[in-house]
>>> print(open('input-v4.txt').read())   # compact mmCIF, C-alpha atoms
# COMPACT_ATOMS: atom_id res chain seq x y z
CA MET A 1 -22.29 -23.45 0.87
CA GLY A 2 -19.08 -25.13 -0.29
CA LYS A 3 -16.19 -26.03 1.95
CA LEU A 4 -14.00 -23.04 2.76
CA LYS A 5 -10.57 -23.26 1.12
CA ASP A 6 -7.47 -21.07 1.12
CA TYR A 7 -7.63 -19.56 4.57
CA ILE A 8 -5.70 -18.65 7.71
CA THR A 9 -6.82 -19.88 11.10
CA THR A 10 -6.46 -18.43 14.54
CA ASP A 11 -6.90 -20.73 17.51
CA ARG A 12 -7.05 -20.81 21.29
CA ASN A 13 -5.29 -23.79 22.81
CA GLY A 14 -5.69 -25.65 19.52
CA ILE A 15 -9.40 -24.84 19.19
CA ILE A 16 -10.05 -23.14 15.86
CA GLU A 17 -11.69 -19.82 16.61
CA ASN A 18 -11.63 -18.07 13.23
CA ARG A 19 -11.03 -18.87 9.57
CA HIS A 20 -10.02 -15.97 7.34
CA GLN A 21 -10.28 -16.55 3.59
CA VAL A 22 -7.29 -15.47 1.48
CA HIS A 23 -7.26 -14.33 -2.16
CA ALA A 24 -4.07 -13.46 -4.03
CA ALA A 25 -2.84 -12.81 -7.55
CA ILE A 26 0.81 -13.00 -8.59
CA VAL A 27 1.54 -11.65 -12.08
CA SER A 28 4.40 -10.78 -14.41
CA SER A 29 4.91 -7.23 -15.61
CA ASP A 30 2.73 -7.83 -18.68
CA GLY A 31 -0.15 -8.90 -16.43
CA THR A 32 0.15 -12.65 -17.03
CA LEU A 33 -1.21 -14.55 -14.03
CA LEU A 34 1.60 -16.72 -12.67
CA TYR A 35 0.27 -17.98 -9.34
CA SER A 36 -2.85 -17.50 -7.29
CA VAL A 37 -4.64 -18.18 -4.04
CA GLY A 38 -8.42 -18.28 -3.85
CA ASP A 39 -9.98 -16.00 -6.46
CA PRO A 40 -7.33 -13.86 -8.24
CA SER A 41 -10.10 -12.00 -10.05
CA ARG A 42 -11.95 -10.90 -6.93
CA VAL A 43 -13.00 -7.28 -7.47
CA THR A 44 -11.31 -5.39 -4.66
CA LEU A 45 -11.39 -1.82 -3.43
CA THR A 46 -7.72 -0.93 -3.39
CA ARG A 47 -8.17 1.80 -0.78
CA SER A 48 -4.75 3.17 0.23
CA ALA A 49 -2.97 0.59 -1.93
CA ALA A 50 -3.91 2.94 -4.80
CA LYS A 51 -1.63 5.68 -3.46
CA PRO A 52 1.38 5.05 -5.74
CA ALA A 53 -0.93 5.37 -8.75
CA GLN A 54 -2.52 8.50 -7.29
CA ALA A 55 0.95 9.95 -6.67
CA LEU A 56 1.81 9.26 -10.33
CA ALA A 57 -1.18 11.38 -11.33
CA VAL A 58 0.09 14.22 -9.12
CA ILE A 59 3.55 13.99 -10.75
CA SER A 60 1.93 14.18 -14.19
CA THR A 61 0.50 17.62 -13.36
CA GLY A 62 4.00 19.07 -12.93
CA ALA A 63 3.31 19.78 -9.24
CA LEU A 64 6.60 18.35 -7.98
CA GLU A 65 8.69 20.78 -10.02
CA LYS A 66 6.29 23.71 -9.62
CA PHE A 67 6.17 23.52 -5.83
CA GLY A 68 9.52 21.95 -5.01
CA PHE A 69 8.27 18.63 -3.63
CA ASP A 70 11.22 16.34 -2.92
CA GLU A 71 11.57 12.54 -2.69
CA ALA A 72 10.56 12.49 0.98
CA ASP A 73 7.42 14.47 0.15
CA LEU A 74 6.65 11.94 -2.58
CA ALA A 75 7.01 9.11 -0.07
CA LEU A 76 4.50 10.83 2.21
CA MET A 77 2.07 11.12 -0.71
CA CYS A 78 2.17 7.30 -0.85
CA ALA A 79 1.83 6.92 2.91
CA SER A 80 -0.70 5.64 5.40
CA HIS A 81 1.35 7.16 8.17
CA ASN A 82 1.39 6.83 11.93
CA SER A 83 0.84 10.57 12.60
CA GLU A 84 4.27 10.75 14.22
CA ASP A 85 5.87 14.19 14.52
CA ARG A 86 8.00 13.56 11.39
CA HIS A 87 4.87 12.81 9.39
CA LEU A 88 2.91 15.81 10.60
CA SER A 89 5.75 18.29 10.19
CA ARG A 90 6.34 17.13 6.62
CA ALA A 91 2.63 17.30 5.77
CA ARG A 92 2.49 20.86 7.12
CA ASP A 93 5.57 21.78 5.09
CA MET A 94 3.95 20.33 1.94
CA LEU A 95 0.88 22.50 2.55
CA ARG A 96 3.11 25.57 2.90
CA LYS A 97 4.79 24.76 -0.41
CA VAL A 98 1.45 24.89 -2.21
CA SER A 99 0.23 27.99 -0.31
CA ALA A 100 -2.50 25.98 1.43
CA GLY A 101 -3.40 25.26 5.02
CA GLU A 102 -4.98 22.55 7.10
CA LYS A 103 -8.36 24.19 6.50
CA ASP A 104 -8.03 23.19 2.83
CA LEU A 105 -7.72 19.47 3.58
CA ARG A 106 -10.89 17.49 2.95
CA CYS A 107 -9.88 14.32 4.81
CA GLY A 108 -10.92 14.93 8.43
CA GLY A 109 -9.15 13.63 11.53
CA HIS A 110 -9.07 10.21 13.18
CA ALA A 111 -7.23 8.26 15.87
CA ALA A 112 -3.62 7.51 14.95
CA LEU A 113 -2.66 4.16 13.47
CA SER A 114 0.03 4.02 16.15
CA GLU A 115 -1.00 3.11 19.69
CA THR A 116 2.07 4.95 20.99
CA VAL A 117 0.90 8.15 19.32
CA ASN A 118 -2.65 7.62 20.54
CA ARG A 119 -1.49 7.25 24.16
CA GLU A 120 0.42 10.52 23.88
CA TRP A 121 -2.62 12.27 22.45
CA ILE A 122 -4.79 10.99 25.30
CA LYS A 123 -2.30 12.33 27.86
CA ARG A 124 -2.51 15.74 26.18
CA ASP A 125 -6.30 15.57 25.72
CA TYR A 126 -5.61 16.16 22.03
CA THR A 127 -8.38 15.89 19.43
CA PRO A 128 -7.07 14.72 16.03
CA THR A 129 -7.56 17.08 13.10
CA ALA A 130 -7.17 16.71 9.34
CA ILE A 131 -3.36 17.04 9.39
CA THR A 132 -3.15 13.92 11.57
CA ASN A 133 -5.10 11.82 9.08
CA ASN A 134 -2.91 8.97 7.85
CA CYS A 135 -3.60 10.19 4.29
CA SER A 136 -2.67 13.85 4.87
CA GLY A 137 0.45 13.57 2.70
CA LYS A 138 -1.61 12.31 -0.23
CA HIS A 139 -4.13 15.12 0.24
CA ALA A 140 -1.38 17.76 0.44
CA GLY A 141 0.08 16.39 -2.80
CA MET A 142 -3.33 16.49 -4.45
CA LEU A 143 -3.80 20.11 -3.44
CA GLY A 144 -0.54 20.77 -5.27
CA GLY A 145 -1.74 18.77 -8.26
CA ALA A 146 -4.97 20.73 -8.44
CA ARG A 147 -3.11 24.05 -8.21
CA ALA A 148 -0.66 22.94 -10.92
CA LEU A 149 -3.63 22.24 -13.21
CA GLY A 150 -5.17 25.62 -12.44
CA ALA A 151 -8.17 23.85 -10.88
CA GLU A 152 -10.19 24.84 -7.84
CA ILE A 153 -8.75 23.42 -4.63
CA SER A 154 -11.99 23.63 -2.63
CA ASP A 155 -13.29 20.51 -4.37
CA TYR A 156 -10.01 18.75 -5.23
CA HIS A 157 -11.44 15.60 -3.63
CA LEU A 158 -14.51 15.32 -5.86
CA PRO A 159 -14.66 13.15 -9.02
CA CYS A 160 -15.52 16.18 -11.15
CA ASN A 161 -12.29 18.03 -10.29
CA PRO A 162 -9.66 17.96 -13.08
CA LEU A 163 -7.16 16.45 -10.65
CA GLN A 164 -9.43 13.48 -9.90
CA ARG A 165 -10.15 13.05 -13.62
CA LYS A 166 -6.39 12.77 -14.13
CA VAL A 167 -6.20 10.20 -11.33
CA ARG A 168 -8.94 8.24 -13.07
CA ASP A 169 -7.05 8.31 -16.38
CA VAL A 170 -3.79 7.16 -14.75
CA VAL A 171 -5.50 4.33 -12.86
CA GLU A 172 -7.30 3.14 -16.00
CA GLU A 173 -4.07 3.11 -18.00
CA LEU A 174 -2.09 1.24 -15.34
CA ALA A 175 -4.85 -1.31 -14.69
CA GLY A 176 -5.51 -1.80 -18.40
CA LEU A 177 -9.23 -1.25 -17.80
CA GLU A 178 -11.75 1.48 -18.49
CA THR A 179 -14.16 2.83 -15.91
CA GLY A 180 -17.43 0.90 -16.11
CA PRO A 181 -19.31 -2.17 -14.87
CA GLU A 182 -16.73 -4.56 -16.38
CA GLY A 183 -13.72 -2.41 -15.61
CA VAL A 184 -12.73 0.08 -12.91
CA LEU A 185 -15.39 0.83 -10.32
CA TRP A 186 -15.19 3.80 -7.98
CA GLY A 187 -16.21 4.22 -4.36
CA VAL A 188 -15.33 6.80 -1.72
CA ASP A 189 -12.38 6.01 0.53
CA GLY A 190 -12.17 6.53 4.28
CA CYS A 191 -10.22 9.73 3.68
CA ASN A 192 -12.97 11.14 1.41
CA LEU A 193 -11.25 10.62 -1.97
CA PRO A 194 -12.42 8.47 -4.89
CA ALA A 195 -11.18 4.89 -4.43
CA PRO A 196 -10.80 2.51 -7.39
CA ALA A 197 -11.82 -1.14 -7.42
CA PHE A 198 -10.88 -3.84 -9.93
CA PRO A 199 -9.79 -7.50 -9.98
CA LEU A 200 -6.79 -8.43 -7.83
CA ARG A 201 -4.81 -9.49 -10.89
CA ASN A 202 -5.09 -5.94 -12.25
CA MET A 203 -3.94 -4.52 -8.94
CA ALA A 204 -0.94 -6.87 -9.05
CA LYS A 205 -0.27 -5.68 -12.61
CA ILE A 206 -0.06 -2.08 -11.40
CA TYR A 207 2.51 -2.98 -8.76
CA ALA A 208 4.53 -5.02 -11.26
CA ALA A 209 4.55 -1.98 -13.53
CA PHE A 210 6.11 0.21 -10.81
CA ALA A 211 8.83 -2.39 -10.21
CA GLU A 212 9.46 -2.81 -13.94
CA ALA A 213 9.76 0.97 -14.34
CA ALA A 214 12.45 1.01 -11.65
CA ASP A 215 14.38 -1.64 -13.60
CA VAL A 216 13.95 0.20 -16.91
CA ALA A 217 14.97 3.58 -15.49
CA ASP A 218 18.12 2.06 -13.99
CA GLY A 219 19.14 0.36 -17.21
CA ALA A 220 18.09 2.76 -19.97
CA ARG A 221 19.25 6.31 -20.58
CA ASN A 222 16.24 6.94 -22.80
CA ALA A 223 13.56 5.68 -20.43
CA SER A 224 10.19 7.33 -21.03
CA GLY A 225 8.97 10.10 -18.79
CA LYS A 226 6.33 7.79 -17.37
CA ASP A 227 8.94 5.14 -16.52
CA ARG A 228 11.09 7.76 -14.83
CA ASP A 229 8.14 9.04 -12.82
CA MET A 230 7.10 5.55 -11.72
CA ALA A 231 10.71 4.71 -10.86
CA ARG A 232 10.85 7.90 -8.82
CA ILE A 233 7.87 6.73 -6.78
CA PHE A 234 9.41 3.29 -6.29
CA SER A 235 12.67 4.89 -5.15
CA SER A 236 10.99 7.35 -2.78
CA MET A 237 9.12 4.55 -1.02
CA THR A 238 12.21 2.36 -0.61
CA ARG A 239 14.45 5.27 0.44
CA TYR A 240 11.98 6.61 3.01
CA PRO A 241 9.99 3.60 4.28
CA GLU A 242 9.62 5.26 7.68
CA LEU A 243 7.47 7.94 6.02
CA VAL A 244 5.27 5.42 4.20
CA GLY A 245 4.19 3.84 7.49
CA GLY A 246 6.11 4.52 10.66
CA GLU A 247 7.54 2.83 13.71
CA GLY A 248 6.50 -0.83 13.90
CA ARG A 249 4.34 -0.72 10.76
CA PHE A 250 4.44 -3.62 8.31
CA CYS A 251 5.05 -1.50 5.19
CA THR A 252 8.05 0.17 6.80
CA VAL A 253 9.56 -3.04 8.15
CA LEU A 254 8.98 -4.90 4.87
CA MET A 255 10.71 -2.31 2.70
CA ARG A 256 13.60 -1.87 5.15
CA VAL A 257 14.17 -5.63 5.22
CA PHE A 258 14.13 -6.03 1.44
CA ARG A 259 16.47 -3.05 0.81
CA GLY A 260 15.13 -1.74 -2.48
CA ILE A 261 14.04 -5.07 -3.99
CA LEU A 262 10.35 -4.31 -3.57
CA ILE A 263 7.71 -1.81 -2.57
CA GLY A 264 4.72 -2.74 -0.42
CA LYS A 265 1.60 -0.75 0.39
CA VAL A 266 -1.36 -1.57 2.55
CA GLY A 267 -4.97 -0.74 1.79
CA ALA A 268 -7.66 -0.62 4.47
CA ASP A 269 -9.93 -3.60 5.10
CA GLY A 270 -7.39 -6.24 4.25
CA CYS A 271 -5.75 -5.51 0.92
CA TYR A 272 -2.06 -5.28 0.02
CA GLY A 273 0.06 -4.61 -3.07
CA ILE A 274 3.72 -5.52 -3.72
CA GLY A 275 5.96 -4.75 -6.69
CA ILE A 276 9.14 -6.84 -6.96
CA ARG A 277 12.06 -5.85 -9.17
CA ALA A 278 13.74 -8.40 -11.45
CA SER A 279 16.26 -10.30 -9.34
CA GLU A 280 17.61 -13.74 -8.56
CA TYR A 281 14.35 -14.34 -6.68
CA THR A 282 12.11 -13.66 -9.69
CA ARG A 283 14.42 -15.53 -12.05
CA ARG A 284 14.24 -18.61 -9.82
CA LEU A 285 10.51 -18.60 -10.53
CA GLY A 286 11.17 -18.49 -14.25
CA VAL A 287 10.08 -14.85 -14.53
CA ASP A 288 12.09 -12.65 -16.86
CA GLY A 289 11.35 -9.28 -15.34
CA ALA A 290 9.38 -7.71 -12.52
CA MET A 291 6.47 -9.26 -10.63
CA GLY A 292 3.41 -7.93 -8.81
CA ILE A 293 1.44 -9.39 -5.92
CA ALA A 294 -2.01 -8.38 -4.68
CA VAL A 295 -3.61 -9.93 -1.60
CA LYS A 296 -7.09 -9.55 -0.11
CA ILE A 297 -8.42 -11.00 3.15
CA GLU A 298 -12.13 -11.61 2.73
CA ASP A 299 -13.13 -10.37 6.19
CA GLY A 300 -10.72 -7.41 6.18
CA ASN A 301 -8.59 -8.52 9.17
CA MET A 302 -5.37 -6.51 9.04
CA GLY A 303 -3.18 -8.71 11.24
CA VAL A 304 -4.17 -11.72 9.17
CA LEU A 305 -3.38 -9.72 6.02
CA TYR A 306 0.24 -9.18 7.06
CA SER A 307 0.56 -12.84 7.98
CA ALA A 308 -0.82 -13.84 4.57
CA VAL A 309 1.45 -11.47 2.63
CA THR A 310 4.52 -12.79 4.45
CA GLU A 311 3.44 -16.39 3.81
CA VAL A 312 3.00 -15.68 0.09
CA LEU A 313 6.53 -14.24 -0.04
CA ASP A 314 7.76 -17.29 1.86
CA GLN A 315 6.08 -19.78 -0.49
CA LEU A 316 7.43 -17.90 -3.51
CA ASP A 317 10.88 -17.83 -1.87
CA ILE A 318 11.21 -14.07 -2.38
CA GLY A 319 14.16 -12.72 -0.42
CA SER A 320 16.65 -14.59 1.71
CA SER A 321 15.61 -16.64 4.72
CA ASP A 322 17.29 -14.00 6.91
CA MET A 323 15.14 -11.26 5.36
CA ARG A 324 11.93 -13.18 5.88
CA ARG A 325 12.97 -14.08 9.43
CA GLU A 326 12.86 -10.38 10.28
CA LEU A 327 9.14 -10.47 9.47
CA ALA A 328 8.47 -13.34 11.90
CA LEU A 329 6.30 -11.30 14.26
CA PHE A 330 3.97 -10.52 11.36
CA HIS A 331 4.22 -13.99 9.81
CA HIS A 332 3.29 -16.05 12.88
CA PRO A 333 1.65 -13.66 15.36
CA GLU A 334 0.79 -15.16 18.72
CA ILE A 335 -2.60 -14.68 20.34
CA VAL A 336 -1.97 -13.01 23.70
CA ASN A 337 -4.55 -12.24 26.38
CA SER A 338 -4.76 -9.19 28.67
CA ALA A 339 -2.47 -10.87 31.21
CA GLY A 340 0.22 -11.37 28.60
CA VAL A 341 -0.39 -15.12 28.39
CA VAL A 342 -0.04 -16.73 24.95
CA THR A 343 -3.40 -18.40 24.35
CA GLY A 344 -3.23 -19.29 20.67
CA SER A 345 -1.50 -19.04 17.31
CA THR A 346 -1.94 -18.31 13.62
CA ALA A 347 -1.68 -21.01 10.95
CA HIS A 348 -1.67 -20.87 7.14
CA ARG A 349 -4.09 -23.22 5.41
CA PHE A 350 -3.49 -22.09 1.85
CA HIS A 351 -1.12 -22.97 -0.94
CA VAL A 352 0.08 -20.70 -3.72
CA CYS A 353 -1.11 -22.55 -6.83
CA GLY A 354 1.67 -23.71 -9.12
CA LEU A 355 4.18 -24.43 -6.37
CA GLY A 356 4.93 -27.90 -5.05
CA SER A 357 2.40 -30.67 -5.01
>>> encode(input="input-v4.txt", output="structure tokens")
Amino acid sequence: MGKLKDYITTDRNGIIENRHQVHAAIVSSDGTLLYSVGDPSRVTLTRSAAKPAQALAVISTGALEKFGFDEADLALMCASHNSEDRHLSRARDMLRKVSAGEKDLRCGGHAALSETVNREWIKRDYTPTAITNNCSGKHAGMLGGARALGAEISDYHLPCNPLQRKVRDVVEELAGLETGPEGVLWGVDGCNLPAPAFPLRNMAKIYAAFAEAADVADGARNASGKDRDMARIFSSMTRYPELVGGEGRFCTVLMRVFRGILIGKVGADGCYGIGIRASEYTRRLGVDGAMGIAVKIEDGNMGVLYSAVTEVLDQLDIGSSDMRRELALFHHPEIVNSAGVVTGSTAHRFHVCGLGS
């Protein structure tokens, strides 16, 4: 086995305890690979990082206009939320809009992604149900998409449903790949929906496309319907970052800090997508247009993922130093024991290829 490269370490008192391998692809809006870490072609299950693309498929059914979904609803469709009251009340309202109920959700319940919420549930002896699933907004939107297509809602989550076939078509178009052994592969996500997998560079391309659409829609009166829809998703995520994640969550903090410059979305088991609009930061890198970033941590560690994403942004010099400083707790997380004593640290042992020496 070759020597491990491109990793993040965690230590205790200077003793290396773990090495977490990092892969990343940084591309322009046309999919050209600009920079990389590790293997930028690593085939990766996008998990919840696919949600903006899945939301685009829902928009294409006409569900937003048919059922009166607003921008905040669209943000929740893209969310892996904390199950806070604001998330649950909005998900319930979305179900009402499509004349559905919690019984129609096919996602199941799980512990909240927020420890604060979990502690409250324990005090109340509350058992999580489908509405509390971090993906309930996406599922509510898909119920609307299925209804808009005139499809059965009882199996909206299955690959054979017309709604999921539309999702497949949208994902294939955005990724520039067809479904098959050398293209898009499909698994089943934790929330019971089809989950696409493809090389990281194609995932980065998708995120660049959302950022580019936001630029096009702002600057062109005759932007295509697809550009307008993708820009609408970009805008909903940046306007309502608290719905995309929640209190203390990396996605929420990241988008608040960058104030409309980028969108960021986590996927389970260590994957992350970012779309960056054309700006002084992209132009400094010699990029004439939007950029996309996709990151995967080989062992799926989520804390390490956020540290890696922040380090990639730092090495690329995206955002001001003040912006990135607000991400410090994610960038350099301390290792703390049960007594509150700092016992170790996190260090970045990778370099974004193409920068520096």
>>> closest_residue(input="input-v4.txt", among="A:Arg283, A:Arg249, A:His331, A:Arg228", to="A:Thr116", atoms="only C-alpha atoms")
A:Arg249
>>> residues_around(input="input-v4.txt", residues="A:Ser89", least_positions_apart="3", cutoff="12 Å", atoms="all atoms listed in the file", output="PyMOL selection string")
chain A and resi 72-73+76+83-86+92-96+102+131-132+136-137+243
>>> write_last_selection(input="input-v4.txt", atoms="C-alpha atoms", output="PDB file, keeping the file's coordinate frame")
ATOM      1  CA  ALA A  72      10.560  12.490   0.980  1.00  0.00           C
ATOM      2  CA  ASP A  73       7.420  14.470   0.150  1.00  0.00           C
ATOM      3  CA  LEU A  76       4.500  10.830   2.210  1.00  0.00           C
ATOM      4  CA  SER A  83       0.840  10.570  12.600  1.00  0.00           C
ATOM      5  CA  GLU A  84       4.270  10.750  14.220  1.00  0.00           C
ATOM      6  CA  ASP A  85       5.870  14.190  14.520  1.00  0.00           C
ATOM      7  CA  ARG A  86       8.000  13.560  11.390  1.00  0.00           C
ATOM      8  CA  ARG A  92       2.490  20.860   7.120  1.00  0.00           C
ATOM      9  CA  ASP A  93       5.570  21.780   5.090  1.00  0.00           C
ATOM     10  CA  MET A  94       3.950  20.330   1.940  1.00  0.00           C
ATOM     11  CA  LEU A  95       0.880  22.500   2.550  1.00  0.00           C
ATOM     12  CA  ARG A  96       3.110  25.570   2.900  1.00  0.00           C
ATOM     13  CA  GLU A 102      -4.980  22.550   7.100  1.00  0.00           C
ATOM     14  CA  ILE A 131      -3.360  17.040   9.390  1.00  0.00           C
ATOM     15  CA  THR A 132      -3.150  13.920  11.570  1.00  0.00           C
ATOM     16  CA  SER A 136      -2.670  13.850   4.870  1.00  0.00           C
ATOM     17  CA  GLY A 137       0.450  13.570   2.700  1.00  0.00           C
ATOM     18  CA  LEU A 243       7.470   7.940   6.020  1.00  0.00           C
TER      19      LEU A 243
END
>>> atom_distance(input="input-v4.txt", atom1="atom CA of A:Val216", atom2="atom CA of A:Thr46")
25.6 Å
>>> residues_around(input="input-v4.txt", residues="A:Leu64", least_positions_apart="4", cutoff="10 Å", atoms="all atoms listed in the file", output="compact mmCIF listing (two decimals) with C-alpha atoms, in the frame of the given file")
# COMPACT_ATOMS: atom_id res chain seq x y z
CA VAL A 58 0.09 14.22 -9.12
CA ILE A 59 3.55 13.99 -10.75
CA SER A 60 1.93 14.18 -14.19
CA GLY A 68 9.52 21.95 -5.01
CA PHE A 69 8.27 18.63 -3.63
CA ASP A 70 11.22 16.34 -2.92
CA GLU A 71 11.57 12.54 -2.69
CA ASP A 73 7.42 14.47 0.15
CA LEU A 74 6.65 11.94 -2.58
CA GLY A 141 0.08 16.39 -2.80
CA GLY A 144 -0.54 20.77 -5.27
CA GLY A 145 -1.74 18.77 -8.26
CA ALA A 148 -0.66 22.94 -10.92
>>> closest_residue(input="input-v4.txt", among="A:Val304, A:Leu262, A:Val342, A:Ala294", to="A:Tyr35", atoms="all atoms listed in the file")
A:Ala294
>>> closest_atom_pairs(input="input-v4.txt", of="stretch 266-353 of chain A", to="stretch 199-212 of chain A", cutoff="7 Å", atoms="all atoms listed in the file", output="Markdown table")
| residue | atom | partner | partner_atom | distance |
| --- | --- | --- | --- | --- |
| A:Gly273 | CA | A:Tyr207 | CA | 6.4 |
| A:Ile274 | CA | A:Tyr207 | CA | 5.8 |
| A:Gly275 | CA | A:Tyr207 | CA | 4.4 |
| A:Ile276 | CA | A:Ala211 | CA | 5.5 |
| A:Arg277 | CA | A:Ala211 | CA | 4.8 |
| A:Gly289 | CA | A:Glu212 | CA | 6.9 |
| A:Ala290 | CA | A:Glu212 | CA | 5.1 |
| A:Met291 | CA | A:Ala208 | CA | 4.7 |
| A:Gly292 | CA | A:Ala208 | CA | 4.0 |
| A:Ile293 | CA | A:Ala204 | CA | 4.7 |
| A:Ala294 | CA | A:Ala204 | CA | 4.7 |
>>> write_last_selection(input="input-v4.txt", atoms="C-alpha atoms", output="PDB file, keeping the file's coordinate frame")
ATOM      1  CA  GLY A 273       0.060  -4.610  -3.070  1.00  0.00           C
ATOM      2  CA  ILE A 274       3.720  -5.520  -3.720  1.00  0.00           C
ATOM      3  CA  GLY A 275       5.960  -4.750  -6.690  1.00  0.00           C
ATOM      4  CA  ILE A 276       9.140  -6.840  -6.960  1.00  0.00           C
ATOM      5  CA  ARG A 277      12.060  -5.850  -9.170  1.00  0.00           C
ATOM      6  CA  GLY A 289      11.350  -9.280 -15.340  1.00  0.00           C
ATOM      7  CA  ALA A 290       9.380  -7.710 -12.520  1.00  0.00           C
ATOM      8  CA  MET A 291       6.470  -9.260 -10.630  1.00  0.00           C
ATOM      9  CA  GLY A 292       3.410  -7.930  -8.810  1.00  0.00           C
ATOM     10  CA  ILE A 293       1.440  -9.390  -5.920  1.00  0.00           C
ATOM     11  CA  ALA A 294      -2.010  -8.380  -4.680  1.00  0.00           C
TER      12      ALA A 294
END
>>> build_atoms(input="input-v4.txt", residues="stretch 56-71 of chain A", atoms="N, CA, C and O atoms", output="PDB file, in the coordinates of the input")
ATOM      1  N   LEU A  56       1.391   9.122  -8.930  1.00  0.00           N
ATOM      2  CA  LEU A  56       1.810   9.260 -10.330  1.00  0.00           C
ATOM      3  C   LEU A  56       0.979  10.323 -11.036  1.00  0.00           C
ATOM      4  O   LEU A  56       1.500  11.116 -11.838  1.00  0.00           O
ATOM      5  N   ALA A  57      -0.316  10.361 -10.739  1.00  0.00           N
ATOM      6  CA  ALA A  57      -1.180  11.380 -11.330  1.00  0.00           C
ATOM      7  C   ALA A  57      -0.746  12.775 -10.880  1.00  0.00           C
ATOM      8  O   ALA A  57      -0.736  13.721 -11.684  1.00  0.00           O
ATOM      9  N   VAL A  58      -0.380  12.920  -9.616  1.00  0.00           N
ATOM     10  CA  VAL A  58       0.090  14.220  -9.120  1.00  0.00           C
ATOM     11  C   VAL A  58       1.371  14.622  -9.848  1.00  0.00           C
ATOM     12  O   VAL A  58       1.529  15.777 -10.272  1.00  0.00           O
ATOM     13  N   ILE A  59       2.305  13.683 -10.023  1.00  0.00           N
ATOM     14  CA  ILE A  59       3.550  13.990 -10.750  1.00  0.00           C
ATOM     15  C   ILE A  59       3.229  14.483 -12.155  1.00  0.00           C
ATOM     16  O   ILE A  59       3.845  15.434 -12.657  1.00  0.00           O
ATOM     17  N   SER A  60       2.244  13.844 -12.801  1.00  0.00           N
ATOM     18  CA  SER A  60       1.930  14.180 -14.190  1.00  0.00           C
ATOM     19  C   SER A  60       1.406  15.596 -14.362  1.00  0.00           C
ATOM     20  O   SER A  60       1.406  16.138 -15.466  1.00  0.00           O
ATOM     21  N   THR A  61       0.974  16.238 -13.275  1.00  0.00           N
ATOM     22  CA  THR A  61       0.500  17.620 -13.360  1.00  0.00           C
ATOM     23  C   THR A  61       1.647  18.623 -13.369  1.00  0.00           C
ATOM     24  O   THR A  61       1.429  19.816 -13.623  1.00  0.00           O
ATOM     25  N   GLY A  62       2.872  18.166 -13.051  1.00  0.00           N
ATOM     26  CA  GLY A  62       4.000  19.070 -12.930  1.00  0.00           C
ATOM     27  C   GLY A  62       4.130  19.681 -11.550  1.00  0.00           C
ATOM     28  O   GLY A  62       4.968  20.569 -11.327  1.00  0.00           O
ATOM     29  N   ALA A  63       3.339  19.180 -10.578  1.00  0.00           N
ATOM     30  CA  ALA A  63       3.310  19.780  -9.240  1.00  0.00           C
ATOM     31  C   ALA A  63       4.636  19.644  -8.502  1.00  0.00           C
ATOM     32  O   ALA A  63       5.007  20.535  -7.718  1.00  0.00           O
ATOM     33  N   LEU A  64       5.363  18.538  -8.727  1.00  0.00           N
ATOM     34  CA  LEU A  64       6.600  18.350  -7.980  1.00  0.00           C
ATOM     35  C   LEU A  64       7.606  19.446  -8.312  1.00  0.00           C
ATOM     36  O   LEU A  64       8.241  20.021  -7.418  1.00  0.00           O
ATOM     37  N   GLU A  65       7.752  19.745  -9.600  1.00  0.00           N
ATOM     38  CA  GLU A  65       8.690  20.780 -10.020  1.00  0.00           C
ATOM     39  C   GLU A  65       8.163  22.176  -9.670  1.00  0.00           C
ATOM     40  O   GLU A  65       8.930  23.047  -9.206  1.00  0.00           O
ATOM     41  N   LYS A  66       6.882  22.392  -9.855  1.00  0.00           N
ATOM     42  CA  LYS A  66       6.290  23.710  -9.620  1.00  0.00           C
ATOM     43  C   LYS A  66       6.402  24.136  -8.168  1.00  0.00           C
ATOM     44  O   LYS A  66       6.677  25.315  -7.867  1.00  0.00           O
ATOM     45  N   PHE A  67       6.208  23.166  -7.250  1.00  0.00           N
ATOM     46  CA  PHE A  67       6.170  23.520  -5.830  1.00  0.00           C
ATOM     47  C   PHE A  67       7.361  23.005  -5.027  1.00  0.00           C
ATOM     48  O   PHE A  67       7.415  23.180  -3.814  1.00  0.00           O
ATOM     49  N   GLY A  68       8.308  22.370  -5.697  1.00  0.00           N
ATOM     50  CA  GLY A  68       9.520  21.950  -5.010  1.00  0.00           C
ATOM     51  C   GLY A  68       9.335  20.752  -4.091  1.00  0.00           C
ATOM     52  O   GLY A  68      10.060  20.617  -3.095  1.00  0.00           O
ATOM     53  N   PHE A  69       8.396  19.861  -4.408  1.00  0.00           N
ATOM     54  CA  PHE A  69       8.270  18.630  -3.630  1.00  0.00           C
ATOM     55  C   PHE A  69       9.504  17.756  -3.858  1.00  0.00           C
ATOM     56  O   PHE A  69       9.937  17.573  -5.003  1.00  0.00           O
ATOM     57  N   ASP A  70      10.051  17.201  -2.788  1.00  0.00           N
ATOM     58  CA  ASP A  70      11.220  16.340  -2.920  1.00  0.00           C
ATOM     59  C   ASP A  70      10.836  14.867  -2.760  1.00  0.00           C
ATOM     60  O   ASP A  70       9.656  14.534  -2.669  1.00  0.00           O
ATOM     61  N   GLU A  71      11.841  13.984  -2.739  1.00  0.00           N
ATOM     62  CA  GLU A  71      11.570  12.540  -2.690  1.00  0.00           C
ATOM     63  C   GLU A  71      10.873  12.148  -1.390  1.00  0.00           C
ATOM     64  O   GLU A  71      10.017  11.253  -1.386  1.00  0.00           O
TER      65      GLU A  71
END
